[in-house]
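Enquirer: If it helps, the file is called protein00.cif and holds mmCIF, C-alpha atoms:
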```
data_model
loop_
_atom_site.label_atom_id
_atom_site.label_comp_id
_atom_site.auth_asym_id
_atom_site.auth_seq_id
_atom_site.Cartn_x
_atom_site.Cartn_y
_atom_site.Cartn_z
CA MET W 6 125.67 -82.67 -53.92
CA LYS W 7 124.07 -85.22 -51.72
CA ARG W 8 126.34 -87.73 -50.06
CA LYS W 9 125.45 -91.35 -50.66
CA ASN W 10 125.56 -92.58 -47.11
CA GLN W 11 123.59 -89.66 -45.78
CA SER W 12 120.39 -90.86 -44.16
CA GLN W 13 117.15 -89.02 -44.76
CA SER W 14 116.65 -88.13 -41.13
CA ARG W 15 120.07 -86.48 -40.77
CA LYS W 16 119.65 -82.75 -40.47
CA GLU W 17 122.46 -80.24 -40.50
CA ALA W 18 121.46 -76.88 -39.18
CA LEU W 19 122.84 -73.58 -38.02
CA LEU W 20 121.01 -73.18 -34.75
CA GLN W 21 120.95 -70.83 -31.81
CA GLY W 22 121.29 -72.26 -28.34
CA ASN W 23 117.63 -71.47 -27.74
CA GLU W 24 116.59 -73.34 -30.88
CA ALA W 25 118.71 -76.33 -29.87
CA ILE W 26 116.91 -76.35 -26.51
CA VAL W 27 113.60 -76.51 -28.39
CA GLU W 28 114.85 -79.43 -30.52
CA GLY W 29 116.10 -81.20 -27.41
CA ALA W 30 112.84 -80.67 -25.54
CA LEU W 31 110.75 -82.05 -28.38
CA ARG W 32 113.13 -85.02 -28.75
CA ALA W 33 112.82 -85.73 -25.03
CA GLY W 34 109.05 -85.80 -25.35
CA CYS W 35 108.06 -82.38 -24.03
CA ARG W 36 104.44 -81.77 -25.00
CA PHE W 37 103.50 -78.80 -22.84
CA PHE W 38 104.99 -75.36 -22.54
CA ALA W 39 103.69 -72.44 -20.53
CA GLY W 40 105.75 -69.31 -20.39
CA TYR W 41 106.00 -65.57 -20.47
CA PRO W 42 108.36 -64.12 -23.05
CA ILE W 43 111.52 -62.56 -21.71
CA THR W 44 114.70 -61.73 -23.56
CA PRO W 45 117.02 -63.70 -23.89
CA ALA W 46 114.73 -66.75 -23.63
CA THR W 47 111.99 -65.51 -25.99
CA GLU W 48 113.10 -67.68 -28.92
CA ILE W 49 112.24 -70.81 -26.95
CA SER W 50 108.63 -69.66 -26.46
CA GLU W 51 108.44 -68.39 -30.01
CA MET W 52 109.58 -71.64 -31.59
CA LEU W 53 107.56 -73.88 -29.31
CA SER W 54 104.41 -71.86 -30.02
CA ALA W 55 104.76 -73.02 -33.62
CA ARG W 56 106.22 -76.48 -33.07
CA LEU W 57 104.17 -77.85 -30.16
CA PRO W 58 100.76 -77.75 -31.92
CA GLN W 59 102.34 -79.74 -34.80
CA GLU W 60 103.49 -82.39 -32.32
CA ASP W 61 100.06 -82.65 -30.68
CA GLY W 62 101.30 -80.61 -27.74
CA THR W 63 100.03 -77.53 -25.97
CA PHE W 64 101.52 -74.07 -25.82
CA ILE W 65 100.15 -71.42 -23.48
CA GLN W 66 101.39 -67.92 -22.98
CA MET W 67 100.59 -67.12 -19.37
CA GLU W 68 100.10 -63.76 -17.69
CA ASP W 69 103.36 -63.98 -15.75
CA GLU W 70 106.10 -66.36 -14.66
CA ILE W 71 104.35 -67.39 -11.44
CA ALA W 72 101.41 -68.68 -13.44
CA SER W 73 103.74 -70.18 -16.04
CA LEU W 74 105.37 -72.58 -13.62
CA GLY W 75 101.98 -73.21 -12.01
CA ALA W 76 100.62 -74.34 -15.37
CA VAL W 77 103.71 -76.48 -15.99
CA ILE W 78 103.29 -78.22 -12.62
CA GLY W 79 99.61 -78.84 -13.37
CA ALA W 80 100.43 -80.27 -16.78
CA SER W 81 103.13 -82.52 -15.33
CA LEU W 82 100.78 -83.86 -12.67
CA ALA W 83 98.25 -84.53 -15.42
CA GLY W 84 100.83 -86.73 -17.09
CA VAL W 85 102.73 -84.84 -19.81
CA LYS W 86 106.35 -83.76 -19.89
CA ALA W 87 106.30 -80.03 -19.40
CA MET W 88 108.76 -77.16 -19.39
CA THR W 89 109.04 -73.41 -19.16
CA ALA W 90 111.74 -70.94 -20.10
CA THR W 91 112.67 -67.65 -18.54
CA SER W 92 115.50 -65.37 -17.49
CA GLY W 93 116.65 -64.05 -14.12
CA PRO W 94 113.71 -61.75 -13.24
CA GLY W 95 111.17 -64.41 -14.24
CA PHE W 96 113.12 -67.06 -12.37
CA SER W 97 112.77 -64.96 -9.21
CA LEU W 98 109.00 -65.04 -9.65
CA MET W 99 109.07 -68.80 -10.15
CA GLN W 100 110.76 -69.54 -6.85
CA GLU W 101 107.50 -70.05 -4.94
CA ASN W 102 106.25 -72.67 -7.38
CA LEU W 103 109.71 -74.17 -7.69
CA GLY W 104 109.57 -74.98 -4.01
CA PHE W 105 106.15 -76.52 -4.50
CA ALA W 106 107.45 -78.67 -7.35
CA ALA W 107 110.33 -79.81 -5.15
CA ILE W 108 108.19 -80.88 -2.18
CA ALA W 109 105.33 -82.28 -4.23
CA GLU W 110 107.89 -84.22 -6.34
CA VAL W 111 106.71 -82.87 -9.67
CA PRO W 112 109.01 -83.50 -12.64
CA CYS W 113 109.43 -80.38 -14.78
CA VAL W 114 112.18 -78.53 -16.61
CA ILE W 115 112.90 -74.84 -16.15
CA VAL W 116 115.26 -73.22 -18.63
CA ASN W 117 116.91 -70.11 -17.25
CA VAL W 118 118.83 -68.12 -19.84
CA MET W 119 120.89 -65.98 -17.52
CA ARG W 120 121.22 -62.24 -18.00
CA GLY W 121 122.85 -59.68 -15.75
CA GLY W 122 120.99 -58.82 -12.57
CA PRO W 123 119.67 -58.03 -10.03
CA SER W 124 116.16 -56.92 -11.04
CA THR W 125 115.86 -55.83 -14.65
CA GLY W 126 119.63 -55.60 -14.60
CA LEU W 127 121.45 -55.82 -17.88
CA PRO W 128 119.02 -56.81 -20.62
CA THR W 129 120.37 -58.46 -22.54
CA LEU W 130 123.97 -59.00 -21.62
CA PRO W 131 125.51 -62.29 -20.58
CA SER W 132 125.96 -63.31 -16.98
CA GLN W 133 126.11 -66.39 -14.79
CA SER W 134 124.50 -64.77 -11.81
CA ASP W 135 121.64 -67.22 -11.16
CA VAL W 136 123.77 -70.15 -10.07
CA MET W 137 123.07 -69.71 -6.37
CA GLN W 138 119.47 -68.72 -7.05
CA ALA W 139 118.99 -72.10 -8.73
CA ARG W 140 120.27 -73.76 -5.55
CA TRP W 141 118.84 -71.64 -2.75
CA GLY W 142 116.27 -69.40 -4.43
CA THR W 143 113.21 -70.99 -2.87
CA HIS W 144 112.81 -71.31 0.86
CA GLY W 145 113.58 -74.46 2.78
CA ASP W 146 116.09 -77.22 2.18
CA HIS W 147 115.46 -79.28 -0.88
CA PRO W 148 117.46 -81.29 -3.40
CA VAL W 149 118.00 -79.60 -6.72
CA ILE W 150 119.46 -80.50 -10.09
CA ALA W 151 120.92 -77.74 -12.25
CA LEU W 152 122.77 -78.27 -15.52
CA CYS W 153 124.80 -75.80 -17.54
CA ALA W 154 125.51 -75.75 -21.29
CA SER W 155 128.46 -74.14 -23.04
CA THR W 156 127.85 -75.02 -26.68
CA VAL W 157 124.79 -75.26 -28.91
CA ARG W 158 125.18 -79.04 -29.12
CA GLU W 159 125.28 -79.18 -25.34
CA CYS W 160 122.06 -77.13 -25.18
CA TYR W 161 120.41 -79.97 -27.11
CA ASP W 162 121.97 -82.80 -25.08
CA ILE W 163 121.51 -81.17 -21.72
CA THR W 164 117.83 -80.42 -22.33
CA ILE W 165 117.23 -84.11 -23.06
CA ARG W 166 119.23 -85.03 -19.97
CA ALA W 167 117.25 -82.53 -17.90
CA PHE W 168 113.98 -84.18 -18.88
CA ASN W 169 115.39 -87.63 -18.15
CA LEU W 170 116.69 -86.62 -14.74
CA SER W 171 113.45 -84.89 -13.80
CA GLU W 172 111.36 -87.92 -14.80
CA LYS W 173 113.76 -90.31 -13.07
CA PHE W 174 114.19 -88.45 -9.80
CA ARG W 175 110.80 -86.79 -9.84
CA THR W 176 112.12 -83.31 -9.23
CA PRO W 177 112.30 -79.98 -11.04
CA VAL W 178 115.49 -79.64 -13.10
CA ILE W 179 116.95 -76.26 -13.96
CA VAL W 180 118.88 -75.70 -17.19
CA LEU W 181 121.20 -72.73 -16.86
CA VAL W 182 122.38 -71.17 -20.12
CA ASP W 183 124.44 -68.02 -20.59
CA GLU W 184 122.91 -65.42 -22.86
CA VAL W 185 125.85 -65.71 -25.29
CA VAL W 186 125.35 -69.46 -25.65
CA ALA W 187 121.59 -69.06 -26.10
CA HIS W 188 122.00 -66.49 -28.88
CA MET W 189 125.11 -67.92 -30.53
CA ARG W 190 124.67 -69.84 -33.77
CA GLU W 191 126.68 -72.98 -34.34
CA LYS W 192 126.47 -75.88 -36.73
CA ILE W 193 124.65 -78.80 -35.22
CA VAL W 194 123.89 -82.21 -36.71
CA LEU W 195 120.65 -83.78 -35.58
CA SER W 196 119.57 -87.26 -36.54
CA ASP W 197 116.41 -89.18 -35.77
CA ASP W 198 118.40 -92.44 -35.98
CA GLU W 199 120.68 -91.34 -33.20
CA GLN W 200 120.41 -93.44 -30.07
CA VAL W 201 119.09 -91.10 -27.42
CA GLU W 202 118.17 -92.44 -24.02
CA ILE W 203 114.71 -91.19 -23.09
CA VAL W 204 113.43 -91.87 -19.59
CA ASP W 205 109.65 -92.03 -19.26
CA ARG W 206 107.72 -92.06 -16.04
CA ILE W 207 106.31 -95.33 -14.78
CA LYS W 208 102.64 -95.49 -15.65
CA PRO W 209 100.15 -96.64 -13.01
CA THR W 210 98.80 -100.09 -13.80
CA VAL W 211 96.17 -100.28 -11.06
CA PRO W 212 92.53 -99.20 -11.35
CA PRO W 213 92.04 -95.51 -10.50
CA GLU W 214 90.49 -96.24 -7.08
CA TRP W 215 93.60 -98.16 -5.98
CA TYR W 216 95.99 -95.52 -7.17
CA ILE W 217 98.51 -94.24 -4.59
CA PRO W 218 100.44 -91.23 -5.91
CA TYR W 219 103.68 -91.58 -3.95
CA GLU W 220 103.85 -95.35 -3.71
CA ASP W 221 107.28 -96.99 -3.94
CA ASN W 222 107.67 -98.72 -7.25
CA PRO W 223 108.73 -102.38 -7.49
CA ARG W 224 112.16 -101.34 -8.75
CA GLY W 225 112.78 -99.61 -5.43
CA VAL W 226 114.91 -96.58 -4.68
CA SER W 227 118.28 -98.21 -5.26
CA GLY W 228 118.96 -100.95 -7.80
CA ASP W 229 118.90 -99.33 -11.20
CA GLY W 230 118.81 -95.88 -9.68
CA GLN W 231 115.10 -95.41 -10.18
CA LEU W 232 113.50 -93.29 -7.50
CA TRP W 233 110.22 -93.69 -9.18
CA ARG W 234 106.63 -94.25 -8.45
CA GLY W 235 103.75 -93.93 -10.85
CA LEU W 236 102.37 -90.54 -11.71
CA PRO W 237 98.98 -90.18 -13.37
CA ILE W 238 98.75 -90.32 -17.13
CA PRO W 239 96.01 -88.62 -19.14
CA CYS W 240 92.71 -90.52 -19.05
CA HIS W 241 93.69 -92.34 -15.86
CA ARG W 242 90.93 -90.82 -13.81
CA ALA W 243 92.51 -91.24 -10.43
CA HIS W 244 92.09 -88.66 -7.71
CA ALA W 245 95.36 -87.71 -6.11
CA ARG W 246 96.37 -85.02 -3.69
CA HIS W 247 99.67 -83.25 -4.28
CA PRO W 248 99.97 -80.82 -1.38
CA GLY W 249 102.83 -78.49 -0.53
CA LEU W 250 103.10 -80.26 2.83
CA PRO W 251 105.46 -83.11 3.62
CA HIS W 252 103.50 -86.15 2.53
CA ASP W 253 103.20 -89.88 2.98
CA GLU W 254 102.66 -92.25 0.09
CA THR W 255 99.01 -91.29 -0.29
CA GLY W 256 99.89 -87.62 -0.70
CA MET N 16 140.78 -74.16 -13.77
CA VAL N 17 137.13 -74.76 -13.01
CA ALA N 18 134.66 -73.14 -15.40
CA TYR N 19 131.19 -73.62 -16.84
CA GLY N 20 128.98 -72.20 -19.57
CA SER N 21 130.44 -69.77 -22.08
CA VAL N 22 133.41 -69.03 -19.81
CA ALA N 23 134.53 -72.66 -20.15
CA ARG N 24 135.13 -72.00 -23.85
CA SER N 25 137.40 -69.06 -23.12
CA ALA N 26 139.07 -71.11 -20.42
CA ARG N 27 139.79 -73.97 -22.82
CA ARG N 28 141.54 -71.60 -25.20
CA ALA N 29 143.49 -70.02 -22.33
CA VAL N 30 144.59 -73.46 -21.13
CA ARG N 31 145.85 -74.32 -24.62
CA GLU N 32 147.84 -71.11 -24.82
CA ALA N 33 149.21 -71.54 -21.31
CA ARG N 34 150.42 -75.04 -22.20
CA GLU N 35 152.20 -73.61 -25.23
CA LYS N 36 154.04 -71.37 -22.78
CA GLY N 37 155.03 -74.41 -20.77
CA ILE N 38 152.58 -73.98 -17.91
CA LYS N 39 150.98 -77.18 -16.68
CA ALA N 40 147.34 -76.14 -16.90
CA GLY N 41 144.06 -78.03 -17.14
CA LEU N 42 140.34 -77.39 -17.14
CA ILE N 43 137.32 -78.97 -15.53
CA LYS N 44 134.17 -77.93 -17.33
CA LEU N 45 131.08 -78.30 -15.17
CA GLU N 46 127.96 -79.58 -16.88
CA THR N 47 126.24 -80.51 -13.66
CA ILE N 48 126.29 -77.48 -11.38
CA TRP N 49 123.96 -78.81 -8.68
CA PRO N 50 124.41 -81.15 -6.93
CA PHE N 51 127.94 -79.78 -6.78
CA PRO N 52 130.39 -82.36 -8.20
CA ARG N 53 132.43 -82.44 -5.04
CA ALA N 54 134.36 -85.67 -5.70
CA ALA N 55 135.55 -84.51 -9.12
CA ILE N 56 136.69 -81.12 -7.82
CA GLU N 57 138.44 -82.56 -4.75
CA LYS N 58 140.47 -84.80 -7.02
CA ILE N 59 141.95 -81.86 -8.92
CA LEU N 60 142.40 -79.74 -5.82
CA HIS N 61 144.75 -82.38 -4.47
CA VAL N 62 146.98 -82.38 -7.56
CA SER N 63 146.96 -78.62 -8.25
CA LYS N 64 148.88 -75.77 -6.69
CA THR N 65 146.39 -73.17 -7.82
CA VAL N 66 142.81 -73.38 -9.03
CA ILE N 67 141.37 -70.42 -10.94
CA VAL N 68 137.58 -70.08 -11.06
CA PRO N 69 136.58 -67.57 -13.75
CA GLU N 70 132.86 -66.73 -13.82
CA MET N 71 130.53 -63.93 -14.87
CA ASN N 72 129.25 -63.19 -11.38
CA MET N 73 130.68 -62.06 -8.06
CA GLY N 74 131.88 -65.55 -7.14
CA GLN N 75 129.16 -68.19 -6.78
CA ILE N 76 130.84 -71.42 -7.85
CA SER N 77 134.21 -70.21 -6.56
CA ARG N 78 132.64 -70.25 -3.09
CA GLU N 79 131.71 -73.88 -3.54
CA VAL N 80 135.23 -74.65 -4.74
CA LYS N 81 136.63 -72.90 -1.65
CA ARG N 82 134.20 -74.85 0.53
CA VAL N 83 135.42 -78.22 -0.72
CA ASN N 84 139.04 -77.01 -0.91
CA ARG N 85 139.68 -76.76 2.85
CA GLY N 86 143.13 -75.28 2.45
CA VAL N 87 144.47 -77.89 0.01
CA ALA N 88 145.14 -75.60 -2.96
CA ARG N 89 145.14 -71.89 -3.61
CA VAL N 90 141.77 -70.81 -5.06
CA VAL N 91 141.88 -67.68 -7.22
CA THR N 92 138.66 -66.02 -8.37
CA HIS N 93 138.23 -64.12 -11.59
CA ASN N 94 134.93 -62.27 -11.70
CA LYS N 95 133.27 -59.95 -14.16
CA VAL N 96 129.77 -58.49 -13.94
CA ASP N 97 129.78 -55.68 -16.50
CA GLY N 98 127.86 -57.65 -19.11
CA THR N 99 130.84 -58.43 -21.30
CA ILE N 100 132.20 -61.92 -21.75
CA ILE N 101 135.39 -63.16 -20.16
CA THR N 102 137.99 -63.46 -22.93
CA PRO N 103 140.76 -66.06 -23.23
CA GLU N 104 143.36 -63.26 -23.00
CA GLU N 105 142.00 -62.18 -19.64
CA ILE N 106 142.14 -65.70 -18.26
CA LEU N 107 145.60 -66.26 -19.69
CA ALA N 108 146.78 -63.05 -18.03
CA ARG N 109 145.37 -64.33 -14.76
CA ILE N 110 147.13 -67.68 -15.24
CA LEU N 111 150.46 -65.95 -15.88
CA GLU N 112 149.94 -63.62 -12.92
CA THR N 113 149.23 -66.51 -10.51
CA THR N 114 152.04 -68.73 -11.78
CA GLN N 115 154.60 -65.93 -11.46
CA SER N 116 153.58 -64.84 -7.98
#
```
The structure given in the file should be rewritten as structure tokens.
Expert:
Amino acid sequence: MKRKNQSQSRKEALLQGNEAIVEGALRAGCRFFAGYPITPATEISEMLSARLPQEDGTFIQMEDEIASLGAVIGASLAGVKAMTATSGPGFSLMQENLGFAAIAEVPCVIVNVMRGGPSTGLPTLPSQSDVMQARWGTHGDHPVIALCASTVRECYDITIRAFNLSEKFRTPVIVLVDEVVAHMREKIVLSDDEQVEIVDRIKPTVPPEWYIPYEDNPRGVSGDGQLWRGLPIPCHRAHARHPGLPHDETG
Amino acid sequence: MVAYGSVARSARRAVREAREKGIKAGLIKLETIWPFPRAAIEKILHVSKTVIVPEMNMGQISREVKRVNRGVARVVTHNKVDGTIITPEEILARILETTQS
């Protein structure tokens, strides 16, 4: 029997952690996914391959995890919110491009559903062994943001928060999930009416020839906590360099 | 207790059972792992005798806890890497073991 006060957009579901991550990503505005399937993160790729085309997004299955994060970085620089999902062995392959995303200040979200390692390790048994890899996996000193979920609801919330933090601080954000949380089913209530804070990147307002990729934005670094300068949006035909070298405001 | 991910769920249950036994126990569940929430952890280190860090690895966050601890509290690790989850019973046993010793 339908309750009277139940709104149409309210959706009760029995979801896996991986499925909640997909819901969270789409709610946060993710419109690009490139990945290579790996247990226990396969469900994320599988669901997004069906859902993204419906949301006017793009799904690509790449040849490996190195290329996956490369495609995600490219998509993010072209102006869409992008993510990838993997597990420990794939995360090792992503470290090179993770460092690039850190120095080139590219917002992107990397979901790492942790399984036992090292190498092929224990597929697919739970572990929390990629905590230090998330911090120090790539070479060089760099800031990093890593979040960890312990319930299915948190998978949803933390994925949204990961996108917001990455757009706000212009940095890759890593979502660490244990295999048991990713594959566990729990009841979750999702509602479109729910107030969810979504942070979007500042769009460049200048003509393309005046565009400076790493320019300080008027809001400044402090103030409301925005560390943000404009990144290109689709159809803004500006030429920008995003090298892996330390850069000035022109890139 | 400092825990994160699925282990935090077992830890919560263990804390509840420990309190029923009269042990003053508490849990900090980490949602943000990096940057390490140093201020939050330091606060509990100063009011705790012992901090247990259960995790399904050989001790990655426990090292960070020890780093910010600087001799204030006793940091006890509880590690498991055989691909099985850490159960509330295990953590409770560790709580009882550390409170009795």
Enquirer: For chain W, report every residue with an atom at most 10 Å from chain N (counting all atoms listed in the file), formatted as a PyMOL selection string.
Expert: chain W and resi 120-122+126-140+148-156+159+163+178-187
Enquirer: One number please: atom CA of Glu70 of chain W to atom CA of Pro42 of chain W, in Å, one decimal.
Expert: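 For atom CA of Glu70 of chain W relative to atom CA of Pro42 of chain W, the distance reads 9.0 Å.
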Enquirer: Just want the 12 Å neighbourhood of Glu112 of chain N, counted on all atoms listed in the file, with same-chain residues fewer than 4 positions away dropped. Output as a list in words.
Expert: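 Close residues of Glu112 of chain N: Ala33, Ile38, Thr65, Ile67, Val91, His93, Glu105, Ile106, Leu107, Ala108 and Ser116 of chain N.
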Enquirer: Give me, as a ChimeraX atom specification, all polymer residues having an atom no more than 12 Å from Gly86 of chain N, counting all atoms listed in the file and skipping those fewer than 5 positions away in the same chain.
Expert: /N:57,60-61,63-66,80-81
Enquirer: Could you please determine the separation between atom CA of Glu79 of chain N and atom CA of Val17 of chain N in Å, to one decimal place?
Expert: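 Here the two named atoms are 10.9 Å from each other.
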Enquirer: One decimal, in Å: what's the spacing between atom CA of Ile165 of chain W and atom CA of Ala33 of chain W?
Expert: 5.1 Å
